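Each remark here refers to the structure printed beneath this line.
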Amino acid sequence: MSRTTTGPLVLGALLLALAVPAGAAASAYESDPTGYARGLVVPAGLAPPAAFAPIGIVDDVVDGLDVPDVAQVKVLKRSPGKRLNTGGGAEVAHGTEVASVAAGRADGQGVLGIAPGAPLLSWGYKTLSCAEVSEGILALAAAGAKVINLSFETEDACDAMRLAVAAAYGEGALVVASAGNEREHGDPTEYPASYPHVLTVGALDLGAKPASFSSSGRGLDLVAPGEAIPVALPAALDRDGTADGLTRVDGTSFAAPMVSGVASWLIAARPGLSPSQYADLLRASARDVGAPGWDSVSGFGAVDLAAALAAPVPPADHGEPDDDAAQVDGTDFDRPDPYLTGTVKATAAPVEDPADWYRVRVKARSTKTIKLTTATAARALSLVGYRGTTRVASGAKTIKLRNATRKSQTFYAVVRASGHRVATALAYTLKAG
């Protein structure tokens with residue numbers, strides 16, 4: 001795996017156009033809640049909830065001992081230490097910088113995060129391996145993180161990480177990932193950004209347009225400020241010429257925690273919803289950037305906290321994760337899903353949740369009918385039947401699963417979503433008769 005980040009940006013005229021004081025200390029103005037870049041995400045005067053939802057960070061360890069802005073962090077026991085090696089390169093402060101963007105404390109100094117003082121849980125990896133990242137995702141979900149920030153990218157698909165994301169999602173955690181910084185370098189497919197059930201975030205530049213470096217693709221959901229972002233880090237690792245523990249950085253790594261902070265705020269202010277509903281709220285309420293509707297460069301648009309707080313509650317999902325047979329038959333997780341009986345209401349969506357698998361028990365020498373009912377807007381949903389890996393039935397809305405043997409057999413009814421990206425998942429009803 002690799003992670004792409006850059007050092008401090010030379011700001012120039014674009015920064016001046018945003019009324020950020022030239023020559024100011026890197027984040028001194030962040031004591032003002034309306035300052036750049038927080039002021040582009042959190043409207044002035046918006047009252048915060050009494051407490052924010054916990055944010056988990058899989059990254060270099062978040063150093064709350066040397067950085068007051070993130071002193072609230074709890075470093076999980078299996079993480080390698082609580083303090084960074086300040087004799088190393090400045091890049092190891094990445095996790096602390098990310099955490100300060102999401103949850104920097106309101107202490108009158110340094111960086112003010114999107115969700116100031118939100119509880120932070122840190123899983124500090126050593127090697128950024130597939131196994132270590134996967135373990136961290138699972139550990140953070142088990143420890144109660146309601147938002148898990150993944151500010152790293154790899155071109156190598158990692159099945160363990162895909163399953164860890166799915167498991168965390170099933171435990172009630174919204175997983176937020178950086179899109180990557182490779183748009184000018186071939187724009188390869190990046191993970192975890194491209195996995196289902198991941199809220200993927202690209203970067204806006206200082207002109208509030210998609211940054212030239214920000215990776216694009218079908219997995220992109222939102223954009224947020226990602227250029228010249230003020231961050232906190234240990235003073236010993238501050239290499240921008242003024243060792244004050246404050247600097248500016250750019251990259252989708254820092255756009256993602258802006259959305260993680262927004263998600264923490266949203267979950268606290270509107271409790272009781274599922275991760276899919278919070279993700280739908282953020283997508284549906286985003287402010288269009290560029291072409292109307294979804295596009296591969298800006299997703300559904302710029303994250304809009306105020307709009308998400310006021311948007312209608314989207315339909316709820318059921319039974320996730322259920323993306324394939326292995327996720328529902330007990331292969332990937334500790335027990336199989338119950339058989340489909342009666343009527344189930346759920347949702348599906350292209351890219352984010354493209355398939356819902358249901359186990360169906362069919363008695364010996366009998367047939368079971370499965371009926372899919374959708375709204376007019378959900379024409380992109382279809383129904384398929386499987387026996388093992390063999391497709392045995394298909395139909396737009398109704399299938400019949402026939403068992404000609406002398407023993408009961410397990411079949412699968414699969415609802416598939418295809419077509420264009422949608423901001424809000426498509427609701428459906430599935431009935432076994």
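Residue numbering restarts at 1 for every chain of the structure tokens, chains are lettered A, B, ... in their displayed order, and ligands are numbered from 1 as they appear.
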
Which polymer residues have any atom within 8 Å of an atom of A:Ala380, counting only C-alpha atoms, with same-chain residues fewer than 4 positions away left out, as a short mmCIF file (atom, residue, chain, number, x, y, z; two decimals) with C-alpha atoms, in the first residue's frame?
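Wrote it out as out.cif, contents follow:
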```cif
data_model
loop_
_atom_site.label_atom_id
_atom_site.label_comp_id
_atom_site.auth_asym_id
_atom_site.auth_seq_id
_atom_site.Cartn_x
_atom_site.Cartn_y
_atom_site.Cartn_z
CA ALA A 417 -28.84 -2.34 -8.87
CA SER A 418 -27.43 -1.01 -12.13
CA GLY A 419 -27.27 2.19 -14.11
#
```

Q) Running DSSP on the backbone, which parts of stretch 31-188 of chain A land in helix (DSSP H, G or I), as JSON, numbers by chain? A) {"A": [31, 38, 39, 40, 68, 69, 70, 90, 91, 92, 93, 94, 95, 96, 97, 98, 99, 100, 101, 102, 103, 130, 131, 132, 133, 134, 135, 136, 137, 138, 139, 140, 141, 142, 159, 160, 161, 162, 163, 164, 165, 166, 167, 168, 169, 170]}

Once you have the residues from the selection above, write them out as a PDB file, in the first residue's frame, restricted to C-alpha atoms.
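The resulting file, out.pdb, is shown below:
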```
ATOM      1  CA  SER A  31      -9.418  30.190  16.206  1.00  0.00           C
ATOM      2  CA  ARG A  38     -13.477  25.193   8.227  1.00  0.00           C
ATOM      3  CA  GLY A  39     -15.547  28.207   7.274  1.00  0.00           C
ATOM      4  CA  LEU A  40     -16.242  26.656   3.871  1.00  0.00           C
ATOM      5  CA  PRO A  68      -2.846  19.724  22.329  1.00  0.00           C
ATOM      6  CA  ASP A  69      -5.376  20.054  19.506  1.00  0.00           C
ATOM      7  CA  VAL A  70      -5.904  16.262  19.553  1.00  0.00           C
ATOM      8  CA  ALA A  90       7.721  14.801   8.893  1.00  0.00           C
ATOM      9  CA  GLU A  91       5.409  12.528   6.877  1.00  0.00           C
ATOM     10  CA  VAL A  92       4.800  10.314   9.923  1.00  0.00           C
ATOM     11  CA  ALA A  93       2.668  13.108  11.388  1.00  0.00           C
ATOM     12  CA  HIS A  94       0.010  12.323   8.785  1.00  0.00           C
ATOM     13  CA  GLY A  95      -2.435  10.705  11.217  1.00  0.00           C
ATOM     14  CA  THR A  96      -2.160  13.605  13.685  1.00  0.00           C
ATOM     15  CA  GLU A  97      -2.736  16.107  10.878  1.00  0.00           C
ATOM     16  CA  VAL A  98      -5.777  14.181   9.656  1.00  0.00           C
ATOM     17  CA  ALA A  99      -7.210  14.009  13.189  1.00  0.00           C
ATOM     18  CA  SER A 100      -6.744  17.757  13.714  1.00  0.00           C
ATOM     19  CA  VAL A 101      -8.802  18.519  10.598  1.00  0.00           C
ATOM     20  CA  ALA A 102     -11.681  16.343  11.788  1.00  0.00           C
ATOM     21  CA  ALA A 103     -11.666  17.119  15.506  1.00  0.00           C
ATOM     22  CA  CYS A 130      -3.469  -4.983   4.102  1.00  0.00           C
ATOM     23  CA  ALA A 131      -3.588  -7.132   7.239  1.00  0.00           C
ATOM     24  CA  GLU A 132      -2.742  -4.292   9.604  1.00  0.00           C
ATOM     25  CA  VAL A 133      -5.218  -1.848   8.077  1.00  0.00           C
ATOM     26  CA  SER A 134      -7.956  -4.497   8.123  1.00  0.00           C
ATOM     27  CA  GLU A 135      -7.252  -5.237  11.776  1.00  0.00           C
ATOM     28  CA  GLY A 136      -7.401  -1.526  12.556  1.00  0.00           C
ATOM     29  CA  ILE A 137     -10.776  -1.044  10.877  1.00  0.00           C
ATOM     30  CA  LEU A 138     -12.247  -3.934  12.841  1.00  0.00           C
ATOM     31  CA  ALA A 139     -10.692  -2.770  16.117  1.00  0.00           C
ATOM     32  CA  LEU A 140     -12.055   0.762  15.721  1.00  0.00           C
ATOM     33  CA  ALA A 141     -15.564  -0.504  14.960  1.00  0.00           C
ATOM     34  CA  ALA A 142     -15.420  -2.789  18.004  1.00  0.00           C
ATOM     35  CA  ASP A 159     -10.035  -8.749   0.136  1.00  0.00           C
ATOM     36  CA  ALA A 160      -9.395  -8.601   3.873  1.00  0.00           C
ATOM     37  CA  MET A 161      -9.807  -4.817   3.811  1.00  0.00           C
ATOM     38  CA  ARG A 162     -12.996  -5.079   1.733  1.00  0.00           C
ATOM     39  CA  LEU A 163     -14.449  -7.469   4.299  1.00  0.00           C
ATOM     40  CA  ALA A 164     -13.279  -5.304   7.203  1.00  0.00           C
ATOM     41  CA  VAL A 165     -15.062  -2.303   5.671  1.00  0.00           C
ATOM     42  CA  ALA A 166     -18.214  -4.390   5.232  1.00  0.00           C
ATOM     43  CA  ALA A 167     -18.030  -5.681   8.812  1.00  0.00           C
ATOM     44  CA  ALA A 168     -17.516  -2.184  10.239  1.00  0.00           C
ATOM     45  CA  TYR A 169     -20.455  -0.957   8.183  1.00  0.00           C
ATOM     46  CA  GLY A 170     -22.556  -3.780   9.590  1.00  0.00           C
TER      47      GLY A 170
END
```

Q: Find the residues near A:Leu220: any atom within 8 Å, counting only C-alpha atoms, skip ones fewer than 6 places away on the same chain, and give them as JSON, numbers by chain.
A: {"A": [179, 193, 194, 199, 200, 201, 202, 296, 297, 298, 299]}

**Q.** Surrounding residues of A:His185 excluding itself and chain neighbours under 6 positions, 12 Å, only C-alpha atoms, as a VMD selection string
**A.** chain A and resid 4 212 to 216

Keeping only N, CA and C atoms, take the residues you just selected and write them out as a PDB file, in the first residue's frame.
```pdb
ATOM      1  N   THR A   4      -0.460   8.989  -0.591  1.00  0.00           N
ATOM      2  CA  THR A   4       0.089  10.160  -1.260  1.00  0.00           C
ATOM      3  C   THR A   4      -0.296  11.402  -0.489  1.00  0.00           C
ATOM      4  N   SER A 212      -6.899  19.719  -9.342  1.00  0.00           N
ATOM      5  CA  SER A 212      -6.347  19.035 -10.515  1.00  0.00           C
ATOM      6  C   SER A 212      -5.752  17.679 -10.163  1.00  0.00           C
ATOM      7  N   PHE A 213      -5.298  17.512  -8.914  1.00  0.00           N
ATOM      8  CA  PHE A 213      -4.672  16.257  -8.507  1.00  0.00           C
ATOM      9  C   PHE A 213      -5.677  15.224  -8.011  1.00  0.00           C
ATOM     10  N   SER A 214      -6.908  15.631  -7.707  1.00  0.00           N
ATOM     11  CA  SER A 214      -7.871  14.774  -7.026  1.00  0.00           C
ATOM     12  C   SER A 214      -8.383  13.675  -7.952  1.00  0.00           C
ATOM     13  N   SER A 215      -8.224  12.419  -7.542  1.00  0.00           N
ATOM     14  CA  SER A 215      -8.618  11.286  -8.371  1.00  0.00           C
ATOM     15  C   SER A 215     -10.119  11.287  -8.642  1.00  0.00           C
ATOM     16  N   SER A 216     -10.477  10.803  -9.828  1.00  0.00           N
ATOM     17  CA  SER A 216     -11.874  10.736 -10.223  1.00  0.00           C
ATOM     18  C   SER A 216     -12.282   9.282 -10.422  1.00  0.00           C
TER      19      SER A 216
END
```

Q: Any chance you could list, as an MDAnalysis selection string, the residues in stretch 29-251 of chain A that come up strand (DSSP E) when DSSP is run on the backbone?
A: chainID A and resid 55:59 74:75 120:124 147:150 174:178 198:204 220:225 229:232 246:249

**Q.** Residue among A:Leu84, A:Ala47, A:Val262, A:Val362 lying closest to A:Arg406, counting only C-alpha atoms
**A.**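 Smallest separation from A:Arg406 among the options: A:Val362.
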
Q | Contacts of stretch 424-433 of chain A at 6 Å (only C-alpha atoms; same-chain gap of 6+ positions) as number ranges by chain | A | A: 280, 341-349, 369-374, 378

Please produce a file of those selected residues containing C-alpha atoms, as a JSON list (two decimals), in the first residue's frame.
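So part-v4.json came out as:
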```json
[["chain", "number", "residue", "atom", "x", "y", "z"],
["A", 280, "ASP", "CA", -27.37, 9.13, 1.67],
["A", 341, "THR", "CA", -39.50, -15.34, 4.89],
["A", 342, "GLY", "CA", -42.45, -13.04, 4.51],
["A", 343, "THR", "CA", -41.71, -9.49, 3.39],
["A", 344, "VAL", "CA", -38.48, -7.50, 3.70],
["A", 345, "LYS", "CA", -37.99, -3.79, 3.01],
["A", 346, "ALA", "CA", -34.49, -2.67, 2.02],
["A", 347, "THR", "CA", -32.49, -0.52, -0.40],
["A", 348, "ALA", "CA", -29.81, -0.99, -3.05],
["A", 349, "ALA", "CA", -27.75, 1.40, -5.18],
["A", 369, "THR", "CA", -41.97, -17.47, -5.72],
["A", 370, "ILE", "CA", -39.99, -14.32, -4.95],
["A", 371, "LYS", "CA", -41.52, -10.98, -5.88],
["A", 372, "LEU", "CA", -39.69, -7.63, -6.06],
["A", 373, "THR", "CA", -41.70, -4.44, -5.74],
["A", 374, "THR", "CA", -40.11, -1.06, -6.41],
["A", 378, "ALA", "CA", -36.29, 2.23, -8.85]]
```

Q) So, counting only C-alpha atoms, which residue among A:Asp317, A:Glu184, A:Asp156, A:Glu352 is closest to A:Asp221? A)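 With only C-alpha atoms as the atom set, the closest residue is A:Glu352.
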
Q.
Just the number, please: distance in Å from atom CA of A:Pro271 to atom CA of A:Ala173, one decimal.
A.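 Taking atom CA of A:Pro271 as the start and atom CA of A:Ala173 as the end point, the length is 12.7 Å.
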
Q) What's the 9 Å shell around A:Ala236, counting only C-alpha atoms, without same-chain residues fewer than 5 positions away, as a list in words? A)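 So the residues in contact are Thr86, Gly87, Ala90, Ala243, Asp244 and Gly245 of chain A.
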
Same residues, C-alpha atoms, output as a PDB file, in the first residue's frame:
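As written to disk, selection.pdb reads:
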```pdb
ATOM      1  CA  THR A  86      10.055  12.791  16.232  1.00  0.00           C
ATOM      2  CA  GLY A  87      13.440  11.723  14.915  1.00  0.00           C
ATOM      3  CA  ALA A  90       7.721  14.801   8.893  1.00  0.00           C
ATOM      4  CA  ALA A 243       8.438  25.143  14.193  1.00  0.00           C
ATOM      5  CA  ASP A 244       5.142  26.123  15.834  1.00  0.00           C
ATOM      6  CA  GLY A 245       3.320  22.843  15.303  1.00  0.00           C
TER       7      GLY A 245
END
```

Q. So, counting only C-alpha atoms, which residue among A:Pro350, A:Gly290, A:Gly45, A:Pro234 is closest to A:Leu65?
A. A:Pro234

Q | Which of A:Ala291, A:Val414, A:Met258, A:Val249 sits closest to A:Pro210 [using only C-alpha atoms] | A |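 Counting only C-alpha atoms, the residue closest to A:Pro210 is A:Ala291.
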
Q.
Ranking A:Asp107, A:Glu155, A:Asp329, A:Asp323 by minimum distance to A:Pro354 and counting only C-alpha atoms, which one comes first?
A. A:Asp323
